[in-house]
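Containing mmCIF, C-alpha atoms: data10.cif.
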```
data_final
#
loop_
_atom_site.label_atom_id
_atom_site.label_comp_id
_atom_site.auth_asym_id
_atom_site.auth_seq_id
_atom_site.Cartn_x
_atom_site.Cartn_y
_atom_site.Cartn_z
CA MET A 1 171.98 92.32 59.55
CA THR A 2 169.98 89.20 60.38
CA SER A 3 171.34 85.72 59.80
CA THR A 4 168.77 85.22 57.05
CA ALA A 5 169.90 88.32 55.23
CA GLN A 6 173.55 87.31 55.68
CA SER A 7 172.88 83.91 54.17
CA ARG A 8 170.99 85.40 51.25
CA ALA A 9 173.64 87.96 50.33
CA PRO A 10 176.10 85.58 48.62
CA THR A 11 173.22 84.11 46.60
CA LEU A 12 172.75 87.26 44.58
CA THR A 13 176.46 87.50 43.77
CA SER A 14 176.97 83.84 42.93
CA ALA A 15 173.68 83.56 41.08
CA SER A 16 174.60 86.45 38.81
CA GLU A 17 177.76 84.52 37.87
CA ALA A 18 175.76 81.39 37.07
CA SER A 19 174.96 82.40 33.50
CA SER A 20 178.63 82.00 32.55
CA GLN A 21 178.74 78.42 33.86
CA PRO A 22 176.94 75.77 31.79
CA VAL A 23 175.42 72.88 33.75
CA PHE A 24 177.35 70.40 31.58
CA ASP A 25 180.84 71.07 30.25
CA TRP A 26 184.09 69.23 29.42
CA LEU A 27 183.95 67.27 32.69
CA PHE A 28 180.66 65.69 31.55
CA GLY A 29 182.30 64.54 28.29
CA LEU A 30 185.36 63.23 30.10
CA SER A 31 183.33 61.28 32.68
CA VAL A 32 181.10 59.75 29.99
CA VAL A 33 184.15 58.67 27.94
CA LEU A 34 185.74 57.11 31.04
CA MET A 35 182.46 55.37 31.91
CA LEU A 36 182.18 53.95 28.36
CA ALA A 37 185.82 52.79 28.54
CA ALA A 38 185.03 50.98 31.81
CA VAL A 39 181.99 49.28 30.24
CA VAL A 40 184.04 48.16 27.20
CA ARG A 41 186.69 46.76 29.56
CA ILE A 42 184.02 44.95 31.64
CA VAL A 43 182.20 43.48 28.64
CA ALA A 44 185.10 42.58 26.35
CA PHE A 45 188.31 42.31 28.35
CA THR A 46 187.32 40.89 31.76
CA PRO A 47 187.00 37.13 32.30
CA ILE A 48 183.73 35.58 33.44
CA GLU A 49 183.91 34.17 36.96
CA ALA A 50 183.69 30.37 37.06
CA THR A 51 181.16 29.80 39.87
CA GLN A 52 178.73 32.74 39.40
CA GLY A 53 178.88 33.15 35.64
CA ALA A 54 178.29 36.52 33.96
CA ALA A 55 176.25 37.87 36.90
CA GLN A 56 179.51 38.41 38.81
CA LYS A 57 180.18 41.33 36.44
CA ILE A 58 177.41 43.22 38.23
CA TYR A 59 180.09 43.67 40.91
CA TYR A 60 181.84 46.28 38.70
CA ILE A 61 178.85 48.62 38.82
CA HIS A 62 177.34 47.62 42.19
CA VAL A 63 180.34 48.33 44.45
CA PRO A 64 181.56 51.53 42.67
CA ALA A 65 177.98 52.87 42.94
CA ALA A 66 178.07 52.17 46.69
CA ILE A 67 181.45 53.93 47.03
CA SER A 68 180.12 56.91 45.04
CA ALA A 69 177.00 57.08 47.24
CA TYR A 70 179.14 57.03 50.39
CA THR A 71 181.44 59.72 48.94
CA ALA A 72 178.55 61.99 47.98
CA LEU A 73 176.81 61.56 51.33
CA THR A 74 180.04 62.17 53.27
CA LEU A 75 180.54 65.36 51.26
CA ALA A 76 176.95 66.38 52.05
CA ALA A 77 177.56 65.80 55.76
CA LEU A 78 180.88 67.70 55.76
CA MET A 79 179.33 70.65 53.91
CA SER A 80 176.40 70.55 56.33
CA ILE A 81 178.83 70.89 59.25
CA VAL A 82 180.52 73.79 57.43
CA PHE A 83 177.11 75.42 56.97
CA LEU A 84 176.19 74.99 60.63
CA TRP A 85 179.54 76.48 61.59
CA LEU A 86 180.01 79.33 59.09
CA HIS A 87 176.43 79.88 57.77
CA ASP A 88 177.87 79.95 54.25
CA GLU A 89 175.10 79.36 51.73
CA ARG A 90 177.53 77.83 49.22
CA ALA A 91 178.15 74.97 51.67
CA ASP A 92 174.39 74.38 52.01
CA ARG A 93 173.97 74.41 48.23
CA LEU A 94 176.82 71.91 47.81
CA ALA A 95 175.39 69.69 50.56
CA ALA A 96 171.99 69.65 48.82
CA SER A 97 173.62 68.80 45.47
CA ALA A 98 175.71 65.99 46.96
CA GLY A 99 172.66 64.66 48.85
CA GLU A 100 170.61 64.38 45.65
CA VAL A 101 173.46 62.60 43.83
CA ALA A 102 173.92 60.27 46.82
CA LEU A 103 170.27 59.23 46.47
CA VAL A 104 170.80 58.41 42.77
CA PHE A 105 173.81 56.18 43.50
CA THR A 106 172.11 54.51 46.48
CA SER A 107 169.21 53.74 44.11
CA GLY A 108 171.78 52.22 41.74
CA VAL A 109 173.05 49.98 44.54
CA LEU A 110 169.53 48.90 45.52
CA LEU A 111 168.55 48.16 41.91
CA THR A 112 171.64 46.20 40.85
CA GLY A 113 171.95 44.28 44.14
CA PRO A 114 168.75 42.21 43.77
CA LEU A 115 169.63 41.47 40.12
CA TRP A 116 172.86 39.94 41.40
CA GLY A 117 171.29 38.31 44.43
CA LYS A 118 168.52 36.45 42.57
CA PRO A 119 170.77 34.10 40.52
CA ILE A 120 173.37 33.67 43.30
CA TRP A 121 171.27 33.54 46.50
CA GLY A 122 168.01 32.45 44.88
CA ALA A 123 166.20 35.49 46.31
CA TRP A 124 165.73 39.09 45.12
CA TRP A 125 165.89 40.42 48.66
CA THR A 126 166.67 39.30 52.18
CA TRP A 127 166.28 41.33 55.36
CA ASP A 128 169.87 40.96 56.48
CA ALA A 129 171.77 43.80 58.15
CA ARG A 130 173.68 45.13 55.11
CA LEU A 131 170.65 45.25 52.80
CA THR A 132 168.26 46.61 55.43
CA LEU A 133 170.68 49.35 56.52
CA THR A 134 171.26 50.36 52.89
CA LEU A 135 167.50 50.59 52.34
CA PHE A 136 167.28 52.67 55.53
CA LEU A 137 170.03 54.96 54.17
CA TRP A 138 167.97 55.43 50.99
CA PHE A 139 164.91 56.46 53.05
CA VAL A 140 166.91 58.88 55.21
CA THR A 141 168.54 60.47 52.13
CA ALA A 142 165.13 60.76 50.46
CA ALA A 143 163.77 62.31 53.68
CA TYR A 144 166.64 64.82 53.55
CA LEU A 145 165.56 65.98 50.08
CA VAL A 146 161.87 66.02 51.03
CA LEU A 147 162.69 68.11 54.12
CA ARG A 148 164.64 70.59 51.97
CA GLY A 149 161.68 70.92 49.66
CA ALA A 150 159.24 71.46 52.51
CA ILE A 151 160.93 74.44 54.22
CA GLU A 152 160.91 77.82 52.48
CA ASP A 153 163.14 79.83 54.81
CA PRO A 154 166.75 79.21 53.59
CA THR A 155 168.34 79.45 57.03
CA ALA A 156 165.90 77.07 58.72
CA ARG A 157 166.06 74.73 55.71
CA GLY A 158 169.85 74.65 55.82
CA ARG A 159 169.98 74.12 59.58
CA TYR A 160 167.38 71.33 59.87
CA SER A 161 168.53 69.46 56.78
CA ALA A 162 172.19 69.73 57.85
CA VAL A 163 171.41 67.76 61.02
CA LEU A 164 169.69 65.06 58.96
CA ALA A 165 172.61 64.86 56.51
CA VAL A 166 175.07 64.30 59.37
CA LEU A 167 172.83 61.60 60.88
CA ALA A 168 172.53 59.90 57.48
CA ALA A 169 176.31 59.87 57.03
CA LEU A 170 176.69 58.21 60.45
CA LEU A 171 175.01 55.14 58.91
CA ILE A 172 177.89 54.62 56.45
CA PRO A 173 180.41 53.00 58.86
CA PHE A 174 177.63 50.79 60.25
CA ILE A 175 176.72 49.66 56.73
CA HIS A 176 180.35 48.88 55.89
CA LEU A 177 180.96 47.00 59.14
CA SER A 178 177.56 45.26 59.19
CA VAL A 179 178.97 42.17 57.44
CA TYR A 180 181.49 41.78 60.28
CA LEU A 181 179.10 42.67 63.13
CA PHE A 182 176.16 40.49 62.09
CA ARG A 183 175.63 37.13 60.41
CA THR A 184 174.62 38.23 56.91
CA LEU A 185 174.03 36.67 53.52
CA HIS A 186 175.86 39.59 51.88
CA PRO A 187 179.52 38.72 51.19
CA MET A 188 182.36 40.46 53.01
CA PRO A 189 184.49 43.02 51.13
CA ILE A 190 187.06 41.46 48.81
CA VAL A 191 188.87 44.70 47.94
CA LEU A 192 188.06 47.32 50.62
CA LYS A 193 189.53 45.39 53.55
CA PRO A 194 192.72 45.62 55.64
CA SER A 195 194.42 42.66 53.91
CA ARG A 196 195.34 42.33 50.21
CA PRO A 197 192.46 42.33 47.67
CA SER A 198 191.22 38.82 46.85
CA LEU A 199 190.46 39.61 43.20
CA PRO A 200 192.66 38.30 40.36
CA THR A 201 194.74 41.05 38.71
CA GLU A 202 192.61 41.28 35.54
CA MET A 203 189.44 41.75 37.59
CA LEU A 204 191.17 44.15 39.97
CA ILE A 205 192.23 46.39 37.08
CA THR A 206 188.65 46.43 35.77
CA PHE A 207 187.31 47.19 39.26
CA THR A 208 189.80 50.06 39.72
CA LEU A 209 188.93 51.53 36.31
CA SER A 210 185.22 51.28 37.11
CA CYS A 211 185.73 52.94 40.51
CA CYS A 212 187.63 55.84 38.85
CA ALA A 213 184.89 56.21 36.22
CA PHE A 214 182.11 56.22 38.83
CA PHE A 215 184.01 58.63 41.07
CA LEU A 216 184.53 61.14 38.24
CA PHE A 217 180.90 60.69 37.12
CA CYS A 218 179.76 61.34 40.70
CA LEU A 219 181.86 64.52 40.99
CA MET A 220 180.55 65.70 37.62
CA LEU A 221 176.93 65.15 38.70
CA ILE A 222 177.47 67.02 41.98
CA ARG A 223 179.06 69.95 40.13
CA SER A 224 176.29 70.00 37.52
CA ARG A 225 173.62 69.87 40.25
CA TYR A 226 175.36 72.73 42.06
CA ARG A 227 175.32 74.83 38.90
CA LEU A 228 171.65 74.00 38.39
CA ALA A 229 170.96 75.30 41.90
CA LEU A 230 172.75 78.55 40.98
CA LEU A 231 170.65 78.87 37.83
CA ARG A 232 167.44 78.35 39.82
CA GLU A 233 168.42 80.97 42.37
CA ARG A 234 169.19 83.40 39.57
CA ALA A 235 165.78 82.72 38.04
CA GLU A 236 164.15 83.36 41.44
CA VAL A 237 166.03 86.67 41.86
CA GLU A 238 164.91 87.83 38.40
CA MET B 1 181.77 33.22 26.68
CA THR B 2 180.62 31.45 29.85
CA PRO B 3 183.25 28.99 31.21
CA GLN B 4 182.34 25.31 31.23
CA GLY B 5 180.33 24.42 34.35
CA ALA B 6 179.47 28.04 35.18
CA PRO B 7 175.73 28.83 35.45
CA ASP B 8 174.17 30.91 32.69
CA THR B 9 173.35 34.15 34.51
CA THR B 10 173.80 36.42 31.49
CA SER B 11 170.23 37.75 31.53
CA TYR B 12 170.67 39.14 35.08
CA TYR B 13 173.99 40.71 34.09
CA HIS B 14 172.43 42.40 31.05
CA ALA B 15 169.38 43.51 33.04
CA ALA B 16 171.56 45.11 35.75
CA TYR B 17 173.57 47.11 33.20
CA VAL B 18 170.44 48.25 31.35
CA VAL B 19 168.71 49.31 34.59
CA ALA B 20 171.83 51.15 35.83
CA GLY B 21 172.28 52.86 32.46
CA MET B 22 168.65 54.02 32.47
CA LEU B 23 168.97 55.33 36.03
CA TYR B 24 172.12 57.40 35.45
CA ALA B 25 171.09 58.59 31.98
CA GLY B 26 167.68 59.50 33.41
CA TYR B 27 169.26 61.61 36.13
CA VAL B 28 171.51 63.42 33.62
CA LEU B 29 168.42 64.09 31.49
CA SER B 30 166.57 65.42 34.54
CA LEU B 31 169.44 67.86 35.23
CA TRP B 32 169.35 69.01 31.62
CA TRP B 33 165.54 69.33 31.70
CA ARG B 34 165.57 71.39 34.89
CA SER B 35 168.32 73.67 33.55
CA ARG B 36 166.36 74.71 30.44
CA PRO B 37 165.59 78.44 30.31
CA ARG B 38 162.05 79.12 31.51
CA ARG B 39 159.75 81.63 29.87
#
```
structure tokens encoding of this file:
Amino acid sequence: MTSTAQSRAPTLTSASEASSQPVFDWLFGLSVVLMLAAVVRIVAFTPIEATQGAAQKIYYIHVPAAISAYTALTLAALMSIVFLWLHDERADRLAASAGEVALVFTSGVLLTGPLWGKPIWGAWWTWDARLTLTLFLWFVTAAYLVLRGAIEDPTARGRYSAVLAVLAALLIPFIHLSVYLFRTLHPMPIVLKPSRPSLPTEMLITFTLSCCAFFLFCLMLIRSRYRLALLRERAEVE
Amino acid sequence: MTPQGAPDTTSYYHAAYVVAGMLYAGYVLSLWWRSRPRR
């Protein structure tokens, strides 16, 4: 049996099971409820910061979106390594799903960042290391999805895109450390750092709740996208 | 309510939440749209 045939075999089995799995289920409801709870907490029960005003509250959706993007892209890279190692099509499918969700959250970071930067820095954008590397990550993740769409053979598609996913994930530590390595306008981490978080307790609780909500939302989107991929494969088989 | 002396940056705060909401809701809608049974 060729490697292509081996990689296609599980598709038929798993795709036939797809009809019993809805794209959205209880996890979607739970993640939306948690997300709404986080928004209510941010809007009504979190104090406004004295020097930045209300714009500081963008922090509660900007940073959790970045963490979710990093999580999704790391998962895509890990599953890509699993695919390169075991040639398991499920790993490739999960990598593709996580890659697409990573692009959505990276877009969230790049959209909310300028809306925070304009009132605080006086500029929508600046070409400092953190911002430029994040924009580069967006382009590499987009290129990953474009590459997947351009190759028809599943084995070649999985192999080439897996390499790109691993290279994209290698950017993550550079992005996180860029504020220490270079002189940047972007502030240093105030929670994700070796020492104690610098946020007041009320804001820290809100940030933690928002991170949990975004993390669950991210996992739900990856799972839903995975199930959509199963549905599509089933449709192709039929 | 904005504390005394703090700049009024409420419009940016609202805009960021609206844009983020549209992005994530749009992606959920795209998943739903793509999962519809095709004839």
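Once Ala50 in chain A and its same-chain neighbours fewer than 3 positions away are set aside, Pro47, Gly53, Ala54 and Gln56 of chain A; Thr2, Pro3, Gln4, Gly5, Ala6 and Pro7 of chain B remain within 10 Å of it when counting all atoms listed in the file.
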Selection result of the PyMOL selection byres ((chain A and resi 81-87) around 10) on this file, as a list in words: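 Evaluating the PyMOL selection byres ((chain A and resi 81-87) around 10) on these coordinates yields Ser3, Thr4, Gln6, Ser7, Leu75, Ala76, Ala77, Leu78, Met79, Ser80, Asp88, Glu89, Arg90, Ala91, Asp92, Arg93, Leu94, Ala95, Thr155, Gly158, Arg159, Tyr160, Ala162, Val163, Ala165 and Val166 of chain A.
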Using the chain letters and residue numbers of this document, give as a PDB file with C-alpha atoms, in the coordinates of the input the residues selected by the PyMOL selection byres ((chain B and resi 13) around 10).
```
ATOM      1  CA  GLY A  53     178.880  33.150  35.640  1.00  0.00           C
ATOM      2  CA  ALA A  54     178.290  36.520  33.960  1.00  0.00           C
ATOM      3  CA  ALA A  55     176.250  37.870  36.900  1.00  0.00           C
ATOM      4  CA  GLN A  56     179.510  38.410  38.810  1.00  0.00           C
ATOM      5  CA  LYS A  57     180.180  41.330  36.440  1.00  0.00           C
ATOM      6  CA  ILE A  58     177.410  43.220  38.230  1.00  0.00           C
ATOM      7  CA  TYR A  59     180.090  43.670  40.910  1.00  0.00           C
ATOM      8  CA  THR A 112     171.640  46.200  40.850  1.00  0.00           C
ATOM      9  CA  LEU A 115     169.630  41.470  40.120  1.00  0.00           C
ATOM     10  CA  TRP A 116     172.860  39.940  41.400  1.00  0.00           C
ATOM     11  CA  PRO A 119     170.770  34.100  40.520  1.00  0.00           C
TER      12      PRO A 119
ATOM     13  CA  ASP B   8     174.170  30.910  32.690  1.00  0.00           C
ATOM     14  CA  THR B   9     173.350  34.150  34.510  1.00  0.00           C
ATOM     15  CA  THR B  10     173.800  36.420  31.490  1.00  0.00           C
ATOM     16  CA  SER B  11     170.230  37.750  31.530  1.00  0.00           C
ATOM     17  CA  TYR B  12     170.670  39.140  35.080  1.00  0.00           C
ATOM     18  CA  HIS B  14     172.430  42.400  31.050  1.00  0.00           C
ATOM     19  CA  ALA B  15     169.380  43.510  33.040  1.00  0.00           C
ATOM     20  CA  ALA B  16     171.560  45.110  35.750  1.00  0.00           C
ATOM     21  CA  TYR B  17     173.570  47.110  33.200  1.00  0.00           C
ATOM     22  CA  VAL B  18     170.440  48.250  31.350  1.00  0.00           C
TER      23      VAL B  18
END
```
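Counting from CA of Leu103 in chain A, the distance to CA of Leu73 in chain A is 8.5 Å.
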Long-range neighbours of range 223-225 of chain A as a VMD selection string, 10 Å cut-off, only C-alpha atoms, 3 positions minimum in chain: (chain A and resid 21 to 25 27 to 28 93 to 94 96 to 98 100 to 101 217 to 220 228 to 231) or (chain B and resid 28 31 to 32 34 to 35)
What do you get, as a compact mmCIF listing (two decimals) with C-alpha atoms, keeping the file's coordinate frame, if you spell out every residue that the PyMOL selection byres ((chain A and resi 128-134) around 12) selects here?
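So result12.txt came out as:
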```txt
# COMPACT_ATOMS: atom_id res chain seq x y z
CA ALA A 66 178.07 52.17 46.69
CA ALA A 69 177.00 57.08 47.24
CA TYR A 70 179.14 57.03 50.39
CA ALA A 102 173.92 60.27 46.82
CA LEU A 103 170.27 59.23 46.47
CA PHE A 105 173.81 56.18 43.50
CA THR A 106 172.11 54.51 46.48
CA SER A 107 169.21 53.74 44.11
CA GLY A 108 171.78 52.22 41.74
CA VAL A 109 173.05 49.98 44.54
CA LEU A 110 169.53 48.90 45.52
CA LEU A 111 168.55 48.16 41.91
CA GLY A 113 171.95 44.28 44.14
CA PRO A 114 168.75 42.21 43.77
CA GLY A 117 171.29 38.31 44.43
CA TRP A 124 165.73 39.09 45.12
CA TRP A 125 165.89 40.42 48.66
CA THR A 126 166.67 39.30 52.18
CA TRP A 127 166.28 41.33 55.36
CA LEU A 135 167.50 50.59 52.34
CA PHE A 136 167.28 52.67 55.53
CA LEU A 137 170.03 54.96 54.17
CA TRP A 138 167.97 55.43 50.99
CA PHE A 139 164.91 56.46 53.05
CA VAL A 140 166.91 58.88 55.21
CA THR A 141 168.54 60.47 52.13
CA ALA A 168 172.53 59.90 57.48
CA ALA A 169 176.31 59.87 57.03
CA LEU A 170 176.69 58.21 60.45
CA LEU A 171 175.01 55.14 58.91
CA ILE A 172 177.89 54.62 56.45
CA PRO A 173 180.41 53.00 58.86
CA PHE A 174 177.63 50.79 60.25
CA ILE A 175 176.72 49.66 56.73
CA HIS A 176 180.35 48.88 55.89
CA LEU A 177 180.96 47.00 59.14
CA SER A 178 177.56 45.26 59.19
CA VAL A 179 178.97 42.17 57.44
CA TYR A 180 181.49 41.78 60.28
CA LEU A 181 179.10 42.67 63.13
CA PHE A 182 176.16 40.49 62.09
CA ARG A 183 175.63 37.13 60.41
CA THR A 184 174.62 38.23 56.91
CA LEU A 185 174.03 36.67 53.52
CA HIS A 186 175.86 39.59 51.88
CA PRO A 187 179.52 38.72 51.19
CA MET A 188 182.36 40.46 53.01
CA PRO A 189 184.49 43.02 51.13
```
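You will find CA of Arg232 in chain A at 17.2 Å from CA of Tyr27 in chain B.
The environment of range 199-203 of chain A within 10 Å, counting all atoms listed in the file and disregarding residues fewer than 3 places along the same chain, consists of A:Arg41, A:Ile42, A:Phe45, A:Thr46, A:Pro47, A:Ile48, A:Glu49, A:Lys57, A:Tyr60, A:Ile190, A:Val191, A:Arg196, A:Thr206, A:Phe207, A:Thr208, A:Leu209.
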Between CA of Ile151 in chain A and CA of Arg36 in chain B, distance in Å (one decimal): 24.4 Å
6 Å contact set for range 31-36 of chain A, only C-alpha atoms, chain neighbours under 2 positions out, as a list in words: Phe28, Gly29, Ala38, Val39, Ala213, Leu216 and Phe217 of chain A
A:Ile67, A:Ala156, A:Val104, A:Cys211 ranked by distance to Leu23 in chain B, top pick (using all atoms listed in the file):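 Once distances to Leu23 in chain B are computed over all atoms listed in the file, the minimum belongs to A:Val104.
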Can you complete the atoms of range 9-29 of chain B to N, CA and C atoms and list them as a PDB file, keeping the file's coordinate frame?
```pdb
ATOM      1  N   THR B   9     174.024  33.046  33.806  1.00  0.00           N
ATOM      2  CA  THR B   9     173.350  34.150  34.510  1.00  0.00           C
ATOM      3  C   THR B   9     173.433  35.439  33.689  1.00  0.00           C
ATOM      4  N   THR B  10     173.593  35.269  32.378  1.00  0.00           N
ATOM      5  CA  THR B  10     173.800  36.420  31.490  1.00  0.00           C
ATOM      6  C   THR B  10     172.629  37.393  31.511  1.00  0.00           C
ATOM      7  N   SER B  11     171.403  36.856  31.601  1.00  0.00           N
ATOM      8  CA  SER B  11     170.230  37.750  31.530  1.00  0.00           C
ATOM      9  C   SER B  11     170.207  38.725  32.719  1.00  0.00           C
ATOM     10  N   TYR B  12     170.613  38.255  33.903  1.00  0.00           N
ATOM     11  CA  TYR B  12     170.670  39.140  35.080  1.00  0.00           C
ATOM     12  C   TYR B  12     171.749  40.209  34.911  1.00  0.00           C
ATOM     13  N   TYR B  13     172.875  39.794  34.352  1.00  0.00           N
ATOM     14  CA  TYR B  13     173.990  40.710  34.090  1.00  0.00           C
ATOM     15  C   TYR B  13     173.545  41.808  33.109  1.00  0.00           C
ATOM     16  N   HIS B  14     172.902  41.409  32.030  1.00  0.00           N
ATOM     17  CA  HIS B  14     172.430  42.400  31.050  1.00  0.00           C
ATOM     18  C   HIS B  14     171.379  43.319  31.677  1.00  0.00           C
ATOM     19  N   ALA B  15     170.456  42.715  32.426  1.00  0.00           N
ATOM     20  CA  ALA B  15     169.380  43.510  33.040  1.00  0.00           C
ATOM     21  C   ALA B  15     169.958  44.560  33.998  1.00  0.00           C
ATOM     22  N   ALA B  16     170.954  44.170  34.785  1.00  0.00           N
ATOM     23  CA  ALA B  16     171.560  45.110  35.750  1.00  0.00           C
ATOM     24  C   ALA B  16     172.197  46.292  35.030  1.00  0.00           C
ATOM     25  N   TYR B  17     172.899  46.016  33.927  1.00  0.00           N
ATOM     26  CA  TYR B  17     173.570  47.110  33.200  1.00  0.00           C
ATOM     27  C   TYR B  17     172.558  48.021  32.512  1.00  0.00           C
ATOM     28  N   VAL B  18     171.482  47.436  31.999  1.00  0.00           N
ATOM     29  CA  VAL B  18     170.440  48.250  31.350  1.00  0.00           C
ATOM     30  C   VAL B  18     169.754  49.142  32.386  1.00  0.00           C
ATOM     31  N   VAL B  19     169.394  48.550  33.530  1.00  0.00           N
ATOM     32  CA  VAL B  19     168.710  49.310  34.590  1.00  0.00           C
ATOM     33  C   VAL B  19     169.607  50.439  35.100  1.00  0.00           C
ATOM     34  N   ALA B  20     170.892  50.122  35.345  1.00  0.00           N
ATOM     35  CA  ALA B  20     171.830  51.150  35.830  1.00  0.00           C
ATOM     36  C   ALA B  20     172.002  52.257  34.796  1.00  0.00           C
ATOM     37  N   GLY B  21     172.132  51.871  33.534  1.00  0.00           N
ATOM     38  CA  GLY B  21     172.280  52.860  32.460  1.00  0.00           C
ATOM     39  C   GLY B  21     171.082  53.783  32.391  1.00  0.00           C
ATOM     40  N   MET B  22     169.877  53.205  32.515  1.00  0.00           N
ATOM     41  CA  MET B  22     168.650  54.020  32.470  1.00  0.00           C
ATOM     42  C   MET B  22     168.589  54.976  33.667  1.00  0.00           C
ATOM     43  N   LEU B  23     169.005  54.495  34.825  1.00  0.00           N
ATOM     44  CA  LEU B  23     168.970  55.330  36.030  1.00  0.00           C
ATOM     45  C   LEU B  23     169.891  56.542  35.886  1.00  0.00           C
ATOM     46  N   TYR B  24     171.153  56.294  35.510  1.00  0.00           N
ATOM     47  CA  TYR B  24     172.120  57.400  35.450  1.00  0.00           C
ATOM     48  C   TYR B  24     171.823  58.338  34.269  1.00  0.00           C
ATOM     49  N   ALA B  25     171.448  57.754  33.129  1.00  0.00           N
ATOM     50  CA  ALA B  25     171.090  58.590  31.980  1.00  0.00           C
ATOM     51  C   ALA B  25     169.838  59.410  32.307  1.00  0.00           C
ATOM     52  N   GLY B  26     168.909  58.792  33.018  1.00  0.00           N
ATOM     53  CA  GLY B  26     167.680  59.500  33.410  1.00  0.00           C
ATOM     54  C   GLY B  26     167.986  60.680  34.315  1.00  0.00           C
ATOM     55  N   TYR B  27     168.921  60.500  35.241  1.00  0.00           N
ATOM     56  CA  TYR B  27     169.260  61.610  36.130  1.00  0.00           C
ATOM     57  C   TYR B  27     169.959  62.744  35.363  1.00  0.00           C
ATOM     58  N   VAL B  28     170.852  62.386  34.443  1.00  0.00           N
ATOM     59  CA  VAL B  28     171.510  63.420  33.620  1.00  0.00           C
ATOM     60  C   VAL B  28     170.457  64.184  32.816  1.00  0.00           C
ATOM     61  N   LEU B  29     169.494  63.435  32.251  1.00  0.00           N
ATOM     62  CA  LEU B  29     168.420  64.090  31.490  1.00  0.00           C
ATOM     63  C   LEU B  29     167.587  65.011  32.386  1.00  0.00           C
TER      64      LEU B  29
END
```
